>>> print(open('work02.tsv').read())   # TSV, C-alpha atoms
chain	number	residue	atom	x	y	z
A	1	VAL	CA	72.17	97.07	114.69
A	2	THR	CA	73.92	98.32	111.55
A	3	ASP	CA	73.87	95.96	108.57
A	4	TRP	CA	77.45	96.61	107.47
A	5	LEU	CA	77.29	94.04	104.69
A	6	ALA	CA	74.28	95.75	103.11
A	7	LEU	CA	76.02	99.13	103.42
A	8	CYS	CA	79.13	97.75	101.71
A	9	ARG	CA	77.10	96.23	98.89
A	10	GLY	CA	75.40	99.60	98.41
A	11	CYS	CA	78.82	101.24	98.21
A	12	VAL	CA	79.90	98.69	95.59
A	13	ALA	CA	76.83	99.52	93.49
A	14	ASP	CA	77.64	103.24	93.78
A	15	VAL	CA	81.26	102.70	92.75
A	16	GLU	CA	80.19	100.56	89.79
A	17	GLU	CA	77.96	103.43	88.61
A	18	ILE	CA	80.89	105.84	88.93
A	19	LEU	CA	83.18	103.51	86.98
A	20	ALA	CA	80.61	103.41	84.19
A	21	ALA	CA	80.24	107.21	84.25
A	22	LEU	CA	84.05	107.67	84.18
A	23	PRO	CA	85.04	104.95	81.72
A	24	THR	CA	88.53	106.02	80.58
A	25	ARG	CA	91.77	107.50	81.83
A	26	LEU	CA	90.68	110.92	80.56
A	27	GLU	CA	87.85	111.02	83.11
A	28	ARG	CA	89.50	109.05	85.93
A	29	GLU	CA	93.03	110.48	86.10
A	30	PRO	CA	92.70	114.24	86.63
A	31	VAL	CA	94.29	115.21	89.95
A	32	LEU	CA	91.91	117.27	92.08
A	33	ARG	CA	93.97	117.77	95.27
A	34	ALA	CA	96.42	116.13	97.66
A	35	GLY	CA	94.87	113.44	99.84
A	36	MET	CA	95.43	113.34	103.60
A	37	GLY	CA	97.51	110.16	103.10
A	38	GLY	CA	99.94	112.10	100.91
A	39	ASP	CA	98.90	110.67	97.54
A	40	ASP	CA	97.18	112.67	94.83
A	41	THR	CA	93.39	112.52	94.95
A	42	THR	CA	92.21	111.87	91.42
A	43	ALA	CA	88.72	112.23	89.97
A	44	ILE	CA	88.01	108.52	90.47
A	45	ASP	CA	89.26	108.60	94.09
A	46	ALA	CA	87.17	111.65	94.96
A	47	ALA	CA	83.97	110.46	93.29
A	48	CYS	CA	84.11	107.05	94.92
A	49	GLU	CA	84.96	108.40	98.36
A	50	ASP	CA	82.15	110.96	98.14
A	51	ALA	CA	79.69	108.15	97.36
A	52	VAL	CA	80.87	106.04	100.30
A	53	VAL	CA	80.80	109.02	102.68
A	54	ARG	CA	77.21	109.79	101.64
A	55	ARG	CA	76.20	106.24	102.59
A	56	LEU	CA	78.02	106.51	105.92
A	57	GLU	CA	76.41	109.88	106.68
A	58	ALA	CA	72.98	108.34	106.11
A	59	LEU	CA	73.61	105.83	108.93
A	60	ASP	CA	73.22	108.58	111.54
A	61	LEU	CA	75.72	106.84	113.85
A	62	ASP	CA	78.48	108.09	116.13
A	63	PHE	CA	81.85	106.98	114.72
A	64	THR	CA	85.18	108.14	113.35
A	65	LEU	CA	85.91	107.58	109.68
A	66	VAL	CA	89.53	106.87	108.73
A	67	SER	CA	90.19	107.29	105.02
A	68	GLU	CA	93.19	107.76	102.76
A	69	GLU	CA	91.70	110.82	101.11
A	70	LEU	CA	89.94	112.54	104.05
A	71	GLY	CA	92.15	111.41	106.91
A	72	GLU	CA	89.96	111.23	110.03
A	73	ARG	CA	86.44	112.63	110.13
A	74	VAL	CA	84.13	112.46	113.12
A	75	PHE	CA	80.46	111.66	112.59
A	76	GLY	CA	78.04	112.55	115.37
A	77	SER	CA	79.88	112.44	118.68
A	78	GLY	CA	82.59	110.09	117.41
A	79	GLY	CA	82.96	107.58	120.21
A	80	SER	CA	84.92	104.33	120.07
A	81	LEU	CA	83.50	103.03	116.77
A	82	ARG	CA	85.86	103.41	113.79
A	83	VAL	CA	85.20	102.78	110.12
A	84	VAL	CA	88.31	102.43	107.97
A	85	VAL	CA	87.68	102.68	104.25
A	86	ASP	CA	89.54	102.77	100.97
A	87	PRO	CA	86.93	103.15	98.22
A	88	VAL	CA	89.50	102.42	95.49
A	89	ASP	CA	92.38	100.29	96.76
A	90	GLY	CA	94.56	100.01	93.70
A	91	SER	CA	93.58	103.35	92.23
A	92	VAL	CA	96.49	103.37	89.75
A	93	ASN	CA	95.02	100.17	88.29
A	94	ALA	CA	91.49	101.63	88.35
A	95	LYS	CA	92.61	104.81	86.59
A	96	ARG	CA	94.23	102.81	83.82
A	97	GLY	CA	91.49	100.23	83.39
A	98	ILE	CA	93.51	97.33	84.84
A	99	PRO	CA	90.90	95.06	86.48
A	100	TYR	CA	92.67	94.55	89.82
A	101	PHE	CA	91.34	97.03	92.36
A	102	SER	CA	88.91	96.90	95.23
A	103	LEU	CA	86.75	98.64	97.78
A	104	SER	CA	87.80	97.81	101.33
A	105	LEU	CA	85.99	98.67	104.54
A	106	ALA	CA	86.61	97.59	108.13
A	107	VAL	CA	84.62	98.31	111.28
A	108	ALA	CA	86.38	98.42	114.65
A	109	GLU	CA	85.14	98.95	118.18
A	110	GLY	CA	88.35	100.81	119.07
A	111	PRO	CA	91.61	102.17	117.61
A	112	THR	CA	93.58	98.93	117.05
A	113	MET	CA	93.53	95.97	114.66
A	114	ASP	CA	92.46	93.81	117.60
A	115	ASP	CA	89.26	95.86	117.75
A	116	VAL	CA	88.13	95.01	114.20
A	117	THR	CA	84.79	93.20	114.12
A	118	PHE	CA	83.90	93.27	110.41
A	119	GLY	CA	85.89	93.39	107.20
A	120	PHE	CA	84.77	93.67	103.58
A	121	VAL	CA	86.67	93.70	100.29
A	122	HIS	CA	85.06	93.75	96.85
A	123	ASP	CA	87.23	92.89	93.85
A	124	PHE	CA	85.93	94.93	90.91
A	125	GLY	CA	87.90	92.86	88.40
A	126	ALA	CA	86.82	89.36	89.44
A	127	GLY	CA	83.53	90.47	90.99
A	128	GLU	CA	84.41	88.60	94.19
A	129	GLU	CA	83.17	89.56	97.65
A	130	TRP	CA	85.45	88.85	100.59
A	131	THR	CA	84.05	89.21	104.12
A	132	ALA	CA	85.21	88.49	107.64
A	133	LEU	CA	83.34	88.64	110.92
A	134	ARG	CA	84.99	88.37	114.30
A	135	GLY	CA	84.12	84.92	115.62
A	136	GLY	CA	82.50	83.99	112.31
A	137	GLY	CA	85.50	83.42	110.08
A	138	ALA	CA	86.30	84.67	106.60
A	139	ARG	CA	84.25	84.05	103.45
A	140	LEU	CA	84.58	84.38	99.71
A	141	ASP	CA	81.25	84.97	97.97
A	142	GLY	CA	79.49	83.62	101.05
A	143	ARG	CA	81.48	80.38	101.26
A	144	PRO	CA	83.81	79.80	104.23
A	145	LEU	CA	87.51	79.98	103.42
A	146	ASP	CA	88.69	76.45	104.04
A	147	THR	CA	91.51	76.17	101.55
A	148	PRO	CA	94.93	74.86	102.55
A	149	LEU	CA	97.60	77.20	103.82
A	150	PRO	CA	100.18	78.57	101.34
A	151	ASN	CA	102.88	76.17	100.20
A	152	GLU	CA	106.20	75.84	101.98
A	153	PRO	CA	108.65	76.97	100.84
A	154	VAL	CA	106.87	80.09	99.69
A	155	GLU	CA	105.92	79.75	96.02
A	156	ILE	CA	104.50	83.25	95.45
A	157	LEU	CA	105.15	86.30	97.59
A	158	ALA	CA	103.07	89.44	97.08
A	159	PHE	CA	104.81	92.80	97.32
A	160	GLU	CA	102.79	95.96	97.57
A	161	GLY	CA	105.50	98.57	97.33
A	162	THR	CA	104.43	101.50	95.26
A	163	THR	CA	107.72	102.49	93.67
A	164	THR	CA	110.34	100.66	91.65
A	165	PRO	CA	113.17	101.69	94.05
A	166	ALA	CA	111.25	100.34	97.08
A	167	ILE	CA	110.64	97.02	95.38
A	168	ALA	CA	114.18	96.83	93.97
A	169	ALA	CA	115.62	97.38	97.46
A	170	MET	CA	113.63	94.49	98.95
A	171	ALA	CA	113.55	91.96	96.10
A	172	PRO	CA	117.15	90.68	96.53
A	173	ARG	CA	116.34	89.72	100.13
A	174	MET	CA	113.58	87.41	98.85
A	175	VAL	CA	115.77	85.23	96.60
A	176	ASP	CA	115.99	82.43	99.18
A	177	VAL	CA	112.49	83.05	100.55
A	178	ALA	CA	110.11	82.84	97.58
A	179	ALA	CA	110.21	81.34	94.08
A	180	ARG	CA	108.15	84.17	92.54
A	181	LEU	CA	107.18	87.74	93.37
A	182	ARG	CA	103.96	89.50	92.42
A	183	VAL	CA	103.19	93.21	92.63
A	184	MET	CA	99.51	93.42	91.74
A	185	GLY	CA	98.58	96.85	93.06
A	186	SER	CA	95.85	96.29	95.67
A	187	LEU	CA	97.03	95.46	99.17
A	188	ALA	CA	93.52	94.52	100.30
A	189	LEU	CA	93.19	91.96	97.51
A	190	SER	CA	96.67	90.58	98.16
A	191	LEU	CA	95.73	90.01	101.80
A	192	CYS	CA	92.47	88.30	100.75
A	193	HIS	CA	94.39	85.98	98.45
A	194	LEU	CA	96.81	85.20	101.28
A	195	ALA	CA	93.87	84.36	103.56
A	196	ALA	CA	92.62	81.98	100.86
A	197	GLY	CA	95.96	80.17	100.77
>>> encode(input="work02.tsv", output="structure tokens")
Amino acid sequence: VTDWLALCRGCVADVEEILAALPTRLEREPVLRAGMGGDDTTAIDAACEDAVVRRLEALDLDFTLVSEELGERVFGSGGSLRVVVDPVDGSVNAKRGIPYFSLSLAVAEGPTMDDVTFGFVHDFGAGEEWTALRGGGARLDGRPLDTPLPNEPVEILAFEGTTTPAIAAMAPRMVDVAARLRVMGSLALSLCHLAAG
């Protein structure tokens, strides 16, 4: 049985080493190529993804990797197992030294969200570890999430649009829905914060 939590923690350690080795925008921002998701792959994106892929390769498992930079890549014979990873969710923040970005990894036994069995998000700014296990609930730093649900009416609504025009087009529709909007820059972390109420 694969210890996905240990693998994720190893990936976090690798990414932390890369962040230390590439400390400023000068090292992190150079564009190396276009990613399969359509965004530019920068030096920080490529280095972190390479580190995560090396750890996944060492598992010697049959699975399909789904990644923003690589697209889909089959390991072994592929099969039904899928690993979805974003080594730097919030890479614009990471490139600029804004401490709100994360590593996210999910494991699924098939191609849909319903097939997800394990989820992991590490917040590099706060140093928090968010985990979820199908049938085992969600945890923050090992403690079960048992906080109250978000307030009604909605006090804070997180947007994760990536462009000013996209956000500007949607913001007027939220006037009667939420008192405040936040655009923090890491969808994975926004979803974790929602799960925590």
>>> residues_around(input="work02.tsv", residues="A:Glu69", least_positions_apart="3", cutoff="12 Å", atoms="all atoms listed in the file", output="PyMOL selection string")
chain A and resi 32-50+52-53+65-66+72-73+84-89+91
>>> write_last_selection(input="work02.tsv", atoms="C-alpha atoms", output="PDB file, keeping the file's coordinate frame")
ATOM      1  CA  LEU A  32      91.910 117.270  92.080  1.00  0.00           C
ATOM      2  CA  ARG A  33      93.970 117.770  95.270  1.00  0.00           C
ATOM      3  CA  ALA A  34      96.420 116.130  97.660  1.00  0.00           C
ATOM      4  CA  GLY A  35      94.870 113.440  99.840  1.00  0.00           C
ATOM      5  CA  MET A  36      95.430 113.340 103.600  1.00  0.00           C
ATOM      6  CA  GLY A  37      97.510 110.160 103.100  1.00  0.00           C
ATOM      7  CA  GLY A  38      99.940 112.100 100.910  1.00  0.00           C
ATOM      8  CA  ASP A  39      98.900 110.670  97.540  1.00  0.00           C
ATOM      9  CA  ASP A  40      97.180 112.670  94.830  1.00  0.00           C
ATOM     10  CA  THR A  41      93.390 112.520  94.950  1.00  0.00           C
ATOM     11  CA  THR A  42      92.210 111.870  91.420  1.00  0.00           C
ATOM     12  CA  ALA A  43      88.720 112.230  89.970  1.00  0.00           C
ATOM     13  CA  ILE A  44      88.010 108.520  90.470  1.00  0.00           C
ATOM     14  CA  ASP A  45      89.260 108.600  94.090  1.00  0.00           C
ATOM     15  CA  ALA A  46      87.170 111.650  94.960  1.00  0.00           C
ATOM     16  CA  ALA A  47      83.970 110.460  93.290  1.00  0.00           C
ATOM     17  CA  CYS A  48      84.110 107.050  94.920  1.00  0.00           C
ATOM     18  CA  GLU A  49      84.960 108.400  98.360  1.00  0.00           C
ATOM     19  CA  ASP A  50      82.150 110.960  98.140  1.00  0.00           C
ATOM     20  CA  VAL A  52      80.870 106.040 100.300  1.00  0.00           C
ATOM     21  CA  VAL A  53      80.800 109.020 102.680  1.00  0.00           C
ATOM     22  CA  LEU A  65      85.910 107.580 109.680  1.00  0.00           C
ATOM     23  CA  VAL A  66      89.530 106.870 108.730  1.00  0.00           C
ATOM     24  CA  GLU A  72      89.960 111.230 110.030  1.00  0.00           C
ATOM     25  CA  ARG A  73      86.440 112.630 110.130  1.00  0.00           C
ATOM     26  CA  VAL A  84      88.310 102.430 107.970  1.00  0.00           C
ATOM     27  CA  VAL A  85      87.680 102.680 104.250  1.00  0.00           C
ATOM     28  CA  ASP A  86      89.540 102.770 100.970  1.00  0.00           C
ATOM     29  CA  PRO A  87      86.930 103.150  98.220  1.00  0.00           C
ATOM     30  CA  VAL A  88      89.500 102.420  95.490  1.00  0.00           C
ATOM     31  CA  ASP A  89      92.380 100.290  96.760  1.00  0.00           C
ATOM     32  CA  SER A  91      93.580 103.350  92.230  1.00  0.00           C
TER      33      SER A  91
END
>>> residues_around(input="work02.tsv", residues="A:Gly185", least_positions_apart="6", cutoff="7 Å", atoms="all atoms listed in the file", output="ChimeraX atom specification")
/A:90,93,160
>>> residues_around(input="work02.tsv", residues="stretch 121-135 of chain A", least_positions_apart="3", cutoff="7 Å", atoms="all atoms listed in the file", output="PyMOL selection string")
chain A and resi 99-105+117-118+138-141+188
>>> atom_distance(input="work02.tsv", atom1="atom CA of A:Pro23", atom2="atom CA of A:Arg96")
9.7 Å
>>> atom_distance(input="work02.tsv", atom1="atom CA of A:Leu59", atom2="atom CA of A:Thr112")
22.6 Å
>>> atom_distance(input="work02.tsv", atom1="atom CA of A:Ser186", atom2="atom CA of A:Gly97")
13.6 Å
>>> closest_residue(input="work02.tsv", among="A:Ala169, A:Val175, A:Val83, A:Ala196", to="A:Asp146", atoms="all atoms listed in the file")
A:Ala196
>>> closest_residue(input="work02.tsv", among="A:Pro144, A:Leu5, A:Gly71, A:Val15", to="A:Ala195", atoms="only C-alpha atoms")
A:Pro144
